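J.: Below are the structure tokens for one structure; questions will follow.
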Amino acid sequence: MYTSGGQRGCAQPGLTADWVRQARAMGWRFLPVHVGLQAPCSELKRKPKRIDPARATRQGREEAAEAVAGLRAVGLGHGSPVFLDIEAYPSRDRACGQAVVDFAVGWTQALHAAGYRSGFYSSLDSGIADLAAAARAGASPLPDVLWYARWDDRADTAGGGPLTADLWARHQRVHQYRGNVEETYGGATLTVDRNQVDAPLAG
């Protein structure tokens, strides 16, 4: 669910606490997503707002406050994760990657202070690679849960590449393994991404 963020693709007036209660009663579980500022070197024209490297940690805290408000508005309580959506960006820019890491640190600080789990979504080759390098360098606090995009049609959470077996290994991963798949529910056909989940869900 896209619960917050200034760069969500569309307004969601139907996303309410009552809707969440009804969907949960039907058996659905939730991965809340916040779509805010993107990497400074991002090439996405449809999401033009970028992280300022000089203020990245503070901006991460500010976006986390918005995300907490979004969770509370739909009735998702303490302990729930919310995933920061950082779309793929060029991996050749070291300063850009550091800004994303600094932003994720601020994001995590503020979410922990508010009693929520910190999640982070990105491509395995960009945001996830930069967070993995930061983890090895001892950066802290980093997100509790990673949601990595690698469209390899493998419904697992084995990671790969920079996401080695020693990182985020204790039921802390979601793998987006296929994109743009048509599925039908209740007579409505949707284009969705498929994910394998081995991580905490929102409650």
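Order determines the names: the first chain of the structure tokens is A, the second B, and so forth; residues in each chain are numbered 1 upward, and ligands are numbered 1 upward as they are shown.
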Near A:Leu201, counting only C-alpha atoms, which residues have an atom at most 9 Å away, once you skip same-chain residues fewer than 4 positions from it, shown as JSON, numbers by chain?
T.: {"A": [29, 30, 31, 32, 80, 81, 197]}
J.: For those residues, write N, CA and C atoms to a file as a PDB file, in the first residue's frame.
T.:
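Okay, this is what ended up in selection_31.pdb:
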ATOM      1  N   ARG A  29      -2.443  -9.096   3.836  1.00  0.00           N
ATOM      2  CA  ARG A  29      -1.455  -8.502   4.715  1.00  0.00           C
ATOM      3  C   ARG A  29      -0.750  -7.383   3.949  1.00  0.00           C
ATOM      4  N   PHE A  30      -0.056  -6.508   4.671  1.00  0.00           N
ATOM      5  CA  PHE A  30       0.327  -5.231   4.066  1.00  0.00           C
ATOM      6  C   PHE A  30       1.819  -4.913   4.172  1.00  0.00           C
ATOM      7  N   LEU A  31       2.328  -4.331   3.089  1.00  0.00           N
ATOM      8  CA  LEU A  31       3.669  -3.754   3.043  1.00  0.00           C
ATOM      9  C   LEU A  31       3.497  -2.271   2.706  1.00  0.00           C
ATOM     10  N   PRO A  32       3.465  -1.400   3.700  1.00  0.00           N
ATOM     11  CA  PRO A  32       3.276   0.032   3.435  1.00  0.00           C
ATOM     12  C   PRO A  32       4.503   0.649   2.761  1.00  0.00           C
ATOM     13  N   SER A  80       4.928  -1.748  13.048  1.00  0.00           N
ATOM     14  CA  SER A  80       4.739  -1.950  11.609  1.00  0.00           C
ATOM     15  C   SER A  80       5.942  -1.401  10.846  1.00  0.00           C
ATOM     16  N   PRO A  81       6.321  -2.053   9.753  1.00  0.00           N
ATOM     17  CA  PRO A  81       7.345  -1.473   8.887  1.00  0.00           C
ATOM     18  C   PRO A  81       6.718  -0.516   7.882  1.00  0.00           C
ATOM     19  N   VAL A 197       8.042 -12.786   0.222  1.00  0.00           N
ATOM     20  CA  VAL A 197       8.180 -12.048   1.478  1.00  0.00           C
ATOM     21  C   VAL A 197       8.671 -12.958   2.596  1.00  0.00           C
TER      22      VAL A 197
END
J.: Identify, on the basis of only C-alpha atoms, every residue whose closest approach to stretch 39-44 of chain A does not exceed 6 Å; exclude the query and any residue fewer than 6 positions from it along the same chain; express the result as a tab-separated table (two decimals) with N, CA, C and O atoms, in the first residue's frame.
T.:
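Output file result32.tsv follows:
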chain	number	residue	atom	x	y	z
A	50	ARG	N	14.31	15.68	-5.39
A	50	ARG	CA	15.52	14.95	-5.08
A	50	ARG	C	16.02	15.22	-3.66
A	50	ARG	O	15.77	16.28	-3.08
A	51	ILE	N	16.78	14.27	-3.15
A	51	ILE	CA	17.49	14.43	-1.88
A	51	ILE	C	18.59	15.47	-2.07
A	51	ILE	O	19.29	15.47	-3.08
A	89	TYR	N	18.76	4.11	-9.58
A	89	TYR	CA	19.53	5.29	-10.00
A	89	TYR	C	20.90	4.83	-10.46
A	89	TYR	O	21.34	3.71	-10.15
A	96	CYS	N	26.25	10.42	-4.81
A	96	CYS	CA	24.80	10.18	-4.87
A	96	CYS	C	24.43	9.03	-3.95
A	96	CYS	O	23.47	9.12	-3.17
A	100	VAL	N	21.94	8.85	-0.45
A	100	VAL	CA	20.85	7.88	-0.21
A	100	VAL	C	21.06	7.20	1.13
A	100	VAL	O	20.11	7.03	1.91
J.: At a cut-off of 10 Å, using only C-alpha atoms, what residues contact A:Ala56? Leave out same-chain residues fewer than 6 positions from it and give the result as JSON, numbers by chain.
T.: {"A": [37, 39, 40, 50, 62, 98, 99, 100, 101, 102, 103, 104, 105, 106, 107]}
J.: Suppose we keep C-alpha atoms; can you now write the selection as a PDB file, in the first residue's frame?
T.:
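Generated output (again.pdb):
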ATOM      1  CA  LEU A  37      12.452  12.305  -2.389  1.00  0.00           C
ATOM      2  CA  ALA A  39      18.363   9.947  -5.231  1.00  0.00           C
ATOM      3  CA  PRO A  40      20.154  13.144  -6.301  1.00  0.00           C
ATOM      4  CA  ARG A  50      15.517  14.950  -5.085  1.00  0.00           C
ATOM      5  CA  GLU A  62      11.268  14.687   7.939  1.00  0.00           C
ATOM      6  CA  GLN A  98      26.190   8.362   0.052  1.00  0.00           C
ATOM      7  CA  ALA A  99      23.290  10.812   0.054  1.00  0.00           C
ATOM      8  CA  VAL A 100      20.853   7.884  -0.211  1.00  0.00           C
ATOM      9  CA  VAL A 101      22.569   6.150   2.723  1.00  0.00           C
ATOM     10  CA  ASP A 102      22.496   9.339   4.832  1.00  0.00           C
ATOM     11  CA  PHE A 103      18.813   9.771   4.008  1.00  0.00           C
ATOM     12  CA  ALA A 104      18.113   6.159   5.020  1.00  0.00           C
ATOM     13  CA  VAL A 105      19.934   6.708   8.333  1.00  0.00           C
ATOM     14  CA  GLY A 106      17.752   9.724   9.159  1.00  0.00           C
ATOM     15  CA  TRP A 107      14.655   7.827   8.019  1.00  0.00           C
TER      16      TRP A 107
END
J.: Output as a compact mmCIF listing (two decimals) with all heavy atoms, in the first residue's frame all residues of stretch 97-133 of chain A that backbone DSSP marks as helix (DSSP H, G or I).
T.:
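Okay, this is what ended up in result-v3.txt:
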# COMPACT_ATOMS: atom_id res chain seq x y z
N GLY A 97 25.18 7.95 -4.03
CA GLY A 97 24.92 6.80 -3.17
C GLY A 97 25.05 7.14 -1.70
O GLY A 97 24.26 6.67 -0.87
N GLN A 98 26.02 7.98 -1.34
CA GLN A 98 26.19 8.36 0.05
C GLN A 98 25.01 9.19 0.54
O GLN A 98 24.57 9.05 1.69
CB GLN A 98 27.48 9.17 0.23
CG GLN A 98 27.80 9.51 1.68
CD GLN A 98 27.96 8.26 2.54
OE1 GLN A 98 28.75 7.37 2.21
NE2 GLN A 98 27.21 8.17 3.64
N ALA A 99 24.47 10.03 -0.32
CA ALA A 99 23.29 10.81 0.05
C ALA A 99 22.11 9.90 0.34
O ALA A 99 21.34 10.14 1.28
CB ALA A 99 22.94 11.81 -1.05
N VAL A 100 21.94 8.85 -0.45
CA VAL A 100 20.85 7.88 -0.21
C VAL A 100 21.06 7.20 1.13
O VAL A 100 20.11 7.03 1.91
CB VAL A 100 20.78 6.86 -1.37
CG1 VAL A 100 19.84 5.71 -1.01
CG2 VAL A 100 20.32 7.54 -2.65
N VAL A 101 22.28 6.80 1.44
CA VAL A 101 22.57 6.15 2.72
C VAL A 101 22.28 7.11 3.88
O VAL A 101 21.65 6.73 4.87
CB VAL A 101 24.03 5.66 2.77
CG1 VAL A 101 24.40 5.20 4.18
CG2 VAL A 101 24.24 4.52 1.77
N ASP A 102 22.74 8.36 3.77
CA ASP A 102 22.50 9.34 4.83
C ASP A 102 20.99 9.55 5.04
O ASP A 102 20.52 9.66 6.18
CB ASP A 102 23.16 10.67 4.49
CG ASP A 102 24.68 10.60 4.52
OD1 ASP A 102 25.23 9.62 5.10
OD2 ASP A 102 25.33 11.50 3.96
N PHE A 103 20.26 9.62 3.95
CA PHE A 103 18.81 9.77 4.01
C PHE A 103 18.18 8.57 4.73
O PHE A 103 17.30 8.74 5.59
CB PHE A 103 18.28 9.90 2.59
CG PHE A 103 16.84 10.31 2.47
CD1 PHE A 103 16.48 11.64 2.45
CD2 PHE A 103 15.85 9.35 2.36
CE1 PHE A 103 15.14 12.02 2.33
CE2 PHE A 103 14.52 9.72 2.24
CZ PHE A 103 14.17 11.06 2.22
N ALA A 104 18.65 7.37 4.39
CA ALA A 104 18.11 6.16 5.02
C ALA A 104 18.43 6.11 6.51
O ALA A 104 17.64 5.60 7.31
CB ALA A 104 18.67 4.93 4.32
N VAL A 105 19.58 6.65 6.91
CA VAL A 105 19.93 6.71 8.33
C VAL A 105 18.96 7.63 9.07
O VAL A 105 18.42 7.26 10.13
CB VAL A 105 21.39 7.18 8.52
CG1 VAL A 105 21.66 7.56 9.97
CG2 VAL A 105 22.36 6.09 8.08
N GLY A 106 18.71 8.82 8.53
CA GLY A 106 17.75 9.72 9.16
C GLY A 106 16.35 9.14 9.20
O GLY A 106 15.64 9.27 10.20
N TRP A 107 15.95 8.51 8.12
CA TRP A 107 14.65 7.83 8.02
C TRP A 107 14.52 6.80 9.14
O TRP A 107 13.50 6.74 9.84
CB TRP A 107 14.59 7.19 6.64
CG TRP A 107 13.56 6.15 6.36
CD1 TRP A 107 13.75 4.80 6.38
CD2 TRP A 107 12.20 6.35 5.96
NE1 TRP A 107 12.59 4.15 6.02
CE2 TRP A 107 11.62 5.07 5.76
CE3 TRP A 107 11.41 7.49 5.76
CZ2 TRP A 107 10.30 4.90 5.36
CZ3 TRP A 107 10.09 7.31 5.35
CH2 TRP A 107 9.55 6.05 5.16
N THR A 108 15.55 6.00 9.32
CA THR A 108 15.53 4.94 10.33
C THR A 108 15.53 5.51 11.75
O THR A 108 14.78 5.03 12.62
CB THR A 108 16.74 4.01 10.13
OG1 THR A 108 16.69 3.46 8.79
CG2 THR A 108 16.75 2.87 11.14
N GLN A 109 16.33 6.53 11.98
CA GLN A 109 16.36 7.17 13.31
C GLN A 109 14.96 7.61 13.74
O GLN A 109 14.52 7.33 14.85
CB GLN A 109 17.29 8.38 13.28
CG GLN A 109 18.77 8.04 13.20
CD GLN A 109 19.62 9.28 12.97
OE1 GLN A 109 19.13 10.32 12.52
NE2 GLN A 109 20.90 9.17 13.28
N ALA A 110 14.29 8.32 12.85
CA ALA A 110 12.98 8.88 13.20
C ALA A 110 11.91 7.81 13.34
O ALA A 110 11.05 7.89 14.22
CB ALA A 110 12.57 9.92 12.16
N LEU A 111 11.95 6.79 12.50
CA LEU A 111 10.97 5.71 12.61
C LEU A 111 11.15 4.94 13.91
O LEU A 111 10.17 4.61 14.59
CB LEU A 111 11.06 4.78 11.42
CG LEU A 111 10.46 5.31 10.11
CD1 LEU A 111 10.77 4.36 8.97
CD2 LEU A 111 8.96 5.52 10.23
N HIS A 112 12.37 4.64 14.27
CA HIS A 112 12.63 3.95 15.53
C HIS A 112 12.15 4.78 16.71
O HIS A 112 11.55 4.25 17.66
CB HIS A 112 14.12 3.65 15.67
CG HIS A 112 14.58 2.52 14.79
ND1 HIS A 112 15.90 2.12 14.73
CD2 HIS A 112 13.90 1.70 13.94
CE1 HIS A 112 16.01 1.10 13.89
NE2 HIS A 112 14.81 0.84 13.38
N ALA A 113 12.41 6.08 16.67
CA ALA A 113 11.98 6.96 17.77
C ALA A 113 10.46 6.96 17.92
O ALA A 113 9.93 7.13 19.03
CB ALA A 113 12.49 8.38 17.54
N ALA A 114 9.75 6.77 16.80
CA ALA A 114 8.29 6.78 16.82
C ALA A 114 7.71 5.39 17.09
O ALA A 114 6.48 5.24 17.19
CB ALA A 114 7.75 7.30 15.50
N GLY A 127 20.30 1.22 -4.87
CA GLY A 127 20.11 1.53 -3.46
C GLY A 127 20.50 0.41 -2.53
O GLY A 127 21.12 0.63 -1.47
N ILE A 128 20.16 -0.83 -2.89
CA ILE A 128 20.50 -1.97 -2.03
C ILE A 128 22.01 -2.16 -1.99
O ILE A 128 22.60 -2.43 -0.92
CB ILE A 128 19.80 -3.25 -2.51
CG1 ILE A 128 18.28 -3.07 -2.52
CG2 ILE A 128 20.22 -4.44 -1.67
CD1 ILE A 128 17.66 -2.75 -1.17
N ALA A 129 22.68 -2.00 -3.13
CA ALA A 129 24.14 -2.13 -3.16
C ALA A 129 24.80 -1.08 -2.27
O ALA A 129 25.75 -1.38 -1.53
CB ALA A 129 24.64 -1.99 -4.60
N ASP A 130 24.28 0.14 -2.29
CA ASP A 130 24.87 1.20 -1.46
C ASP A 130 24.61 0.95 0.02
O ASP A 130 25.49 1.19 0.86
CB ASP A 130 24.34 2.57 -1.89
CG ASP A 130 24.95 3.04 -3.20
OD1 ASP A 130 26.13 2.71 -3.45
OD2 ASP A 130 24.26 3.72 -3.98
N LEU A 131 23.43 0.45 0.38
CA LEU A 131 23.17 0.13 1.78
C LEU A 131 24.02 -1.05 2.24
O LEU A 131 24.51 -1.06 3.38
CB LEU A 131 21.69 -0.20 1.99
CG LEU A 131 20.73 0.97 2.22
CD1 LEU A 131 19.40 0.43 2.75
CD2 LEU A 131 21.28 2.00 3.17
N ALA A 132 24.21 -2.03 1.39
CA ALA A 132 25.05 -3.17 1.75
C ALA A 132 26.49 -2.72 2.03
O ALA A 132 27.12 -3.16 3.00
CB ALA A 132 25.01 -4.22 0.65
N ALA A 133 27.00 -1.84 1.18
CA ALA A 133 28.35 -1.32 1.40
C ALA A 133 28.43 -0.52 2.70
O ALA A 133 29.41 -0.61 3.45
CB ALA A 133 28.77 -0.46 0.21
J.: What's the 10 Å shell around A:Val145, counting only C-alpha atoms, without same-chain residues fewer than 3 positions away, as a PyMOL selection string?
T.: chain A and resi 81-83+117-121+142+148+168-174+198-200
J.: Keeping only N, CA, C and O atoms, write the selected residues to a file as a compact mmCIF listing (two decimals), in the first residue's frame.
T.:
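Output contents, as saved in again-v7.txt:
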# COMPACT_ATOMS: atom_id res chain seq x y z
N PRO A 81 6.32 -2.05 9.75
CA PRO A 81 7.35 -1.47 8.89
C PRO A 81 6.72 -0.52 7.88
O PRO A 81 5.54 -0.65 7.54
N VAL A 82 7.51 0.43 7.41
CA VAL A 82 7.12 1.23 6.25
C VAL A 82 8.36 1.35 5.38
O VAL A 82 9.46 1.61 5.87
N PHE A 83 8.17 1.12 4.08
CA PHE A 83 9.29 1.03 3.16
C PHE A 83 9.49 2.34 2.40
O PHE A 83 8.58 2.83 1.73
N ARG A 117 9.10 0.14 12.48
CA ARG A 117 10.24 -0.47 11.81
C ARG A 117 10.56 0.30 10.53
O ARG A 117 9.67 0.80 9.84
N SER A 118 11.83 0.33 10.21
CA SER A 118 12.32 1.01 9.02
C SER A 118 12.50 0.01 7.89
O SER A 118 13.22 -0.98 8.04
N GLY A 119 11.86 0.29 6.76
CA GLY A 119 12.03 -0.53 5.57
C GLY A 119 12.62 0.30 4.44
O GLY A 119 12.52 1.53 4.43
N PHE A 120 13.24 -0.37 3.50
CA PHE A 120 13.90 0.31 2.38
C PHE A 120 13.72 -0.53 1.13
O PHE A 120 14.08 -1.71 1.11
N TYR A 121 13.16 0.09 0.07
CA TYR A 121 12.97 -0.58 -1.22
C TYR A 121 13.85 0.08 -2.26
O TYR A 121 13.89 1.32 -2.38
N LEU A 142 20.79 1.50 10.21
CA LEU A 142 20.31 1.23 8.86
C LEU A 142 18.93 0.57 8.94
O LEU A 142 18.54 0.08 10.01
N TYR A 148 14.15 -5.75 -2.14
CA TYR A 148 15.04 -5.55 -3.28
C TYR A 148 14.37 -5.98 -4.58
O TYR A 148 13.69 -7.00 -4.65
N TRP A 168 21.09 -8.63 6.53
CA TRP A 168 19.62 -8.67 6.59
C TRP A 168 19.15 -10.12 6.40
O TRP A 168 18.29 -10.41 5.56
N ALA A 169 19.68 -11.01 7.21
CA ALA A 169 19.49 -12.44 7.01
C ALA A 169 18.46 -13.07 7.94
O ALA A 169 18.14 -14.24 7.78
N ARG A 170 17.94 -12.33 8.90
CA ARG A 170 17.03 -12.91 9.88
C ARG A 170 15.58 -12.50 9.58
O ARG A 170 15.02 -11.65 10.25
N HIS A 171 15.04 -13.09 8.54
CA HIS A 171 13.66 -12.79 8.12
C HIS A 171 13.50 -11.28 7.91
O HIS A 171 12.58 -10.66 8.43
N GLN A 172 14.40 -10.71 7.13
CA GLN A 172 14.44 -9.26 6.91
C GLN A 172 14.45 -8.88 5.44
O GLN A 172 14.93 -7.81 5.08
N ARG A 173 13.90 -9.76 4.59
CA ARG A 173 13.98 -9.50 3.15
C ARG A 173 12.65 -9.70 2.43
O ARG A 173 11.87 -10.59 2.77
N VAL A 174 12.45 -8.87 1.43
CA VAL A 174 11.37 -9.03 0.46
C VAL A 174 12.03 -8.96 -0.92
O VAL A 174 12.85 -8.07 -1.17
N ASP A 198 9.75 -12.56 3.22
CA ASP A 198 10.24 -13.20 4.44
C ASP A 198 10.65 -12.07 5.38
O ASP A 198 11.83 -11.83 5.61
N ALA A 199 9.64 -11.36 5.88
CA ALA A 199 9.88 -10.14 6.63
C ALA A 199 8.65 -9.78 7.44
O ALA A 199 7.55 -10.29 7.16
N PRO A 200 8.78 -8.89 8.41
CA PRO A 200 7.61 -8.44 9.18
C PRO A 200 6.62 -7.71 8.28
O PRO A 200 7.01 -7.00 7.35
J.: Determine which residues of stretch 52-125 of chain A DSSP labels as strand (DSSP E or B) from the backbone of this structure, then write them out as a list in words.
T.: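 Output for stretch 52-125 of chain A, strand (DSSP E or B) only: Pro81, Val82, Phe83, Leu84, Asp85, Arg117, Ser118, Gly119, Phe120, Tyr121, Ser122 and Ser123 of chain A.
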J.: Do you know which residues are at most 9 Å from A:Gln196 counting only C-alpha atoms, after dropping those on the same chain fewer than 4 positions away, and could you put them as a PyMOL selection string?
T.: chain A and resi 154-157+173-177
